[in-house]
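K.L.:
Dropping a structure here in structure tokens format, bear with me for questions.
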Amino acid sequence: MNLLRMLLRSSRLALVLAVVTGLASGASSAGLLALTGAALVGKAQGMGWYFAALCGVALLSRFASHAVLNGMHHGLVFQMRTELGRRMLATPLRRLEELGSHRLLAALTGDISFVGAGLMLLPQLIIHLAILLGCLGYMAWLSRPLLLATLGFMAVGIGTYLLPARRSLGLMRTARELYDRLLKHFDTLSEGTKELKMHRERRLAFLREDLVGTSAALRKVDALSGAIDAANSSWGMLLFFAIIGLLLFVMPTFGGVDAATLTGFSLTILYMQQPLDSVLNSFHGVGQATVALSKLDALGLGQEPPELQGPLESPRAFERLELRGITHAYRRDHEDGRFLLGPIDLTIRPGELVFLVGGNGSGKTTLAKLLIGLYAPESGAVVLDGKPLSDERDWERYRQLFSSVFVDFCLFDRMLGLEREDLTEQAQRYLERLQLTHKVRIEAGALSTTSLSQGQRKRLALLTAYLEDRPFYLFDEWAADQDPIFKALFYEQLLPDLKRRGKAVLVITHDDRYFHVADRLLRLEYGQLLPEEKQAVRQHGS
């Protein structure tokens, strides 16, 4: 039912057209069947033109039905992909991190395809059911007692078909869970190639227990589900011939059934084989689509709030940014219980260069994400120029204040959202300053390559941040992958330059050699900010 509601909501007119043209195809096919039966018993003299006309109607209506269904399929897949992308971007970052990239990738690739294919089966299912009803009506016109006997036998056959089909649906759910697990192993394979190559026992254990083990379990479940479906399909085919055998060899022994009626019934049942087989086999595709749709719903993705639809003016400056008693609790890897960050009180103004230091796991990156609006505090308030942020529109405008380069940054190969006349000229100046002109060119707003070392990719990410020209810059361990020359350039030239331009800058770092550059030094230990170290830092460093 969820699939049908989704189809009606997104493609009501196309669905009606597909069903109407499909019914026309089914009706013309039923007419051809009736004429064929009449001709076999010598009752269709002079009806050749009707036969030819029905052939034309059947051809055109069938083509129209399939064309509409094809357009519906591609349109629905397009809608689902774009809608899922929008919903992912409207979902809180913490929720996306909890889901993991493997689940999101499975949804974007497999689930959408299965739902799209399942949605396309529904109009065909309606059409085939209508054809079957038409055939049953013709059989009732031939002989109601014989129809009742046929229906009884068919009911027994369909019942025996549905029982294993339910088992197959359960296996599909199991296979879908295994597919999530397999994609997670693929993530590990991609991200941990170096570590797996360097440790033979770990590599063999990963292949044996994780990759091969999960793949083998998925193969077993898929094979069993396929075997059940194949057995069901074979049983469905046998069912037709069994019914025909009963009509031809058993029913005549009871008498009262003429040859014309038996011929009509036999031809009709043979004709019904294809639509009924399609109806029965569609349970597999609809089952897969149902499982996929339930997995999409289980992601719990958000919807873009109405207040964010339409133009949104981005602030270009601020005077005072405050965190007032904010807290955030989360679960850390390999630890029981929840880690509490805060309460945090912090004020930052334009032109300040602030370093944030602390041990691994102290909450530095989490605090940074709270500061720039990627995480929402569970208590406390974020206050911009004396006004606490309240609704999603406030948060969206607030996030536009920041340019950031995190440890796990994403480097886009095009200057998306930075369209302006002097873009190439400015980018070229920054490429020269970052000593990347021999590696990268800017061509039509795109980078000629992003296949560089990690340190050089970070410089390109810094280039993008410079071009954004926003009031607040956040750098998370930016200098960690730089050589000594560029590390010194970053701390002693680039950061002071941003400060002179009136930018607020927060740098997460462990480079104590350059602590003297900071105006303020924030230390975070076990989720708590220690008392600040200010100008004493600069004096100590000098």
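Every chain in the structure tokens takes a letter, A first, then B, and so on in the order presented; its residues are numbered from 1, and the ligands are numbered from 1 following the presented order.
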For Met154 (chain A), find every residue with an atom within 12 Å (counting only C-alpha atoms), except residues of its own chain fewer than 5 positions away, and show them as a ChimeraX atom specification.

P.N.:
/A:136,147-149,159-161,235-244,246,269,272-273,276

K.L.:
Those residues with C-alpha atoms, as a CSV table (one decimal), in the first residue's frame please?

P.N.:
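Listed below is the output, result.csv:
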chain,number,residue,atom,x,y,z
A,136,LEU,CA,-12.8,-14.9,-16.3
A,147,LEU,CA,-15.5,-21.6,-14.3
A,148,LEU,CA,-16.2,-22.4,-10.6
A,149,ALA,CA,-14.3,-25.7,-10.8
A,159,GLY,CA,-2.3,-20.6,-2.1
A,160,THR,CA,0.6,-23.1,-2.5
A,161,TYR,CA,2.5,-20.4,-4.4
A,235,TRP,CA,4.9,-24.6,-10.2
A,236,GLY,CA,2.9,-21.8,-11.8
A,237,MET,CA,3.6,-23.1,-15.3
A,238,LEU,CA,2.6,-26.7,-14.3
A,239,LEU,CA,-0.6,-25.3,-12.8
A,240,PHE,CA,-1.8,-24.1,-16.2
A,241,PHE,CA,-1.2,-27.4,-17.9
A,242,ALA,CA,-2.8,-29.2,-15.0
A,243,ILE,CA,-5.9,-27.1,-15.4
A,244,ILE,CA,-6.0,-27.8,-19.1
A,246,LEU,CA,-8.4,-31.5,-16.1
A,269,ILE,CA,-6.3,-20.5,-19.9
A,272,MET,CA,-4.1,-16.3,-19.1
A,273,GLN,CA,-0.7,-17.9,-18.5
A,276,LEU,CA,-1.1,-14.6,-14.3

K.L.:
Write out as a PyMOL selection string the residues lying within 10 Å of Glu98 (chain A), counting only C-alpha atoms and excluding same-chain residues fewer than 5 positions away.

P.N.:
chain A and resi 93+103+331

K.L.:
Take the residues that were just selected and, keeping N, CA and C atoms, output them as a CSV table (one decimal), in the first residue's frame.

P.N.:
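Contents of part.csv, as written:
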chain,number,residue,atom,x,y,z
A,93,LEU,N,23.8,16.5,10.9
A,93,LEU,CA,25.1,15.8,10.6
A,93,LEU,C,25.3,14.7,11.6
A,103,ARG,N,25.4,2.8,4.7
A,103,ARG,CA,23.9,2.7,4.6
A,103,ARG,C,23.4,3.7,3.7
A,331,ARG,N,28.2,9.4,21.9
A,331,ARG,CA,28.9,8.1,22.2
A,331,ARG,C,30.2,8.1,21.4

K.L.:
Between CA of Leu146 (chain A) and CA of Leu267 (chain A), what is the distance in Å, rounded to a tenth?

P.N.:
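Taking CA of Leu146 (chain A) and CA of Leu267 (chain A), their separation equals 14.2 Å.
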
K.L.:
What's the 12 Å shell around Leu416 (chain A), counting only C-alpha atoms, without same-chain residues fewer than 2 positions away, as a PyMOL selection string?

P.N.:
chain A and resi 411-414+418-420+423+444-447+464-465+467-468

K.L.:
Go ahead and dump the residues you just picked, N, CA and C atoms, as a compact mmCIF listing (two decimals), in the first residue's frame.

P.N.:
# COMPACT_ATOMS: atom_id res chain seq x y z
N LEU A 411 37.11 17.81 -1.05
CA LEU A 411 37.64 18.76 -2.03
C LEU A 411 36.82 18.65 -3.31
N PHE A 412 36.06 19.68 -3.63
CA PHE A 412 35.27 19.69 -4.85
C PHE A 412 36.16 20.07 -6.03
N ASP A 413 35.89 19.46 -7.18
CA ASP A 413 36.73 19.74 -8.34
C ASP A 413 36.26 20.96 -9.12
N ARG A 414 35.15 21.58 -8.68
CA ARG A 414 34.68 22.82 -9.30
C ARG A 414 34.41 23.85 -8.22
N LEU A 418 30.61 29.81 -6.32
CA LEU A 418 31.56 30.94 -6.26
C LEU A 418 31.62 31.68 -7.58
N GLU A 419 30.52 31.70 -8.31
CA GLU A 419 30.52 32.32 -9.63
C GLU A 419 30.65 33.84 -9.50
N ARG A 420 31.75 34.37 -10.01
CA ARG A 420 31.92 35.82 -10.13
C ARG A 420 32.99 36.09 -11.19
N LEU A 423 36.88 35.47 -10.46
CA LEU A 423 37.18 34.23 -9.77
C LEU A 423 38.51 33.63 -10.23
N ALA A 444 37.71 27.39 -16.50
CA ALA A 444 36.26 27.55 -16.51
C ALA A 444 35.65 27.25 -15.14
N GLY A 445 36.31 27.77 -14.11
CA GLY A 445 35.80 27.59 -12.76
C GLY A 445 36.01 26.21 -12.18
N ALA A 446 36.87 25.40 -12.79
CA ALA A 446 37.11 24.04 -12.32
C ALA A 446 38.61 23.82 -12.13
N LEU A 447 38.96 22.95 -11.20
CA LEU A 447 40.34 22.58 -10.98
C LEU A 447 40.76 21.54 -12.02
N THR A 464 40.00 27.26 -1.68
CA THR A 464 38.55 27.42 -1.76
C THR A 464 38.04 28.26 -0.60
N ALA A 465 38.59 28.03 0.59
CA ALA A 465 38.17 28.81 1.76
C ALA A 465 38.51 30.29 1.58
N LEU A 467 38.71 31.90 -1.25
CA LEU A 467 37.82 32.47 -2.27
C LEU A 467 36.41 32.69 -1.72
N GLU A 468 36.02 31.92 -0.72
CA GLU A 468 34.70 32.14 -0.11
C GLU A 468 34.64 33.47 0.62

K.L.:
Nearest to Val291 (chain A): which of A:His199, A:Arg176, A:Arg62, A:Lys194 is it, counting only C-alpha atoms?

P.N.:
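Between A:His199, A:Arg176, A:Arg62, A:Lys194, the residue approaching Val291 (chain A) most closely is A:Arg176.
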
K.L.:
Identify all residues of region 293-360 of chain A in strand (DSSP E) (DSSP on the backbone) and supply them as a PyMOL selection string.

P.N.:
chain A and resi 321-330+339-348+353-357

K.L.:
Between A:Val221, A:Ala53, A:Met80, A:Cys135, which is the closest to Ala34 (chain A) once you count only C-alpha atoms?

P.N.:
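Of all the options, A:Cys135 lies closest to Ala34 (chain A).
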
K.L.:
Suppose you want the space between CA of Gly527 (chain A) and CA of Asp476 (chain A); what is it in Å?

P.N.:
17.0 Å

K.L.:
Mind pulling up the distance from CA of Gln528 (chain A) to CA of Ile344 (chain A)?

P.N.:
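Taking CA of Ile344 (chain A) and CA of Gln528 (chain A), their separation equals 7.0 Å.
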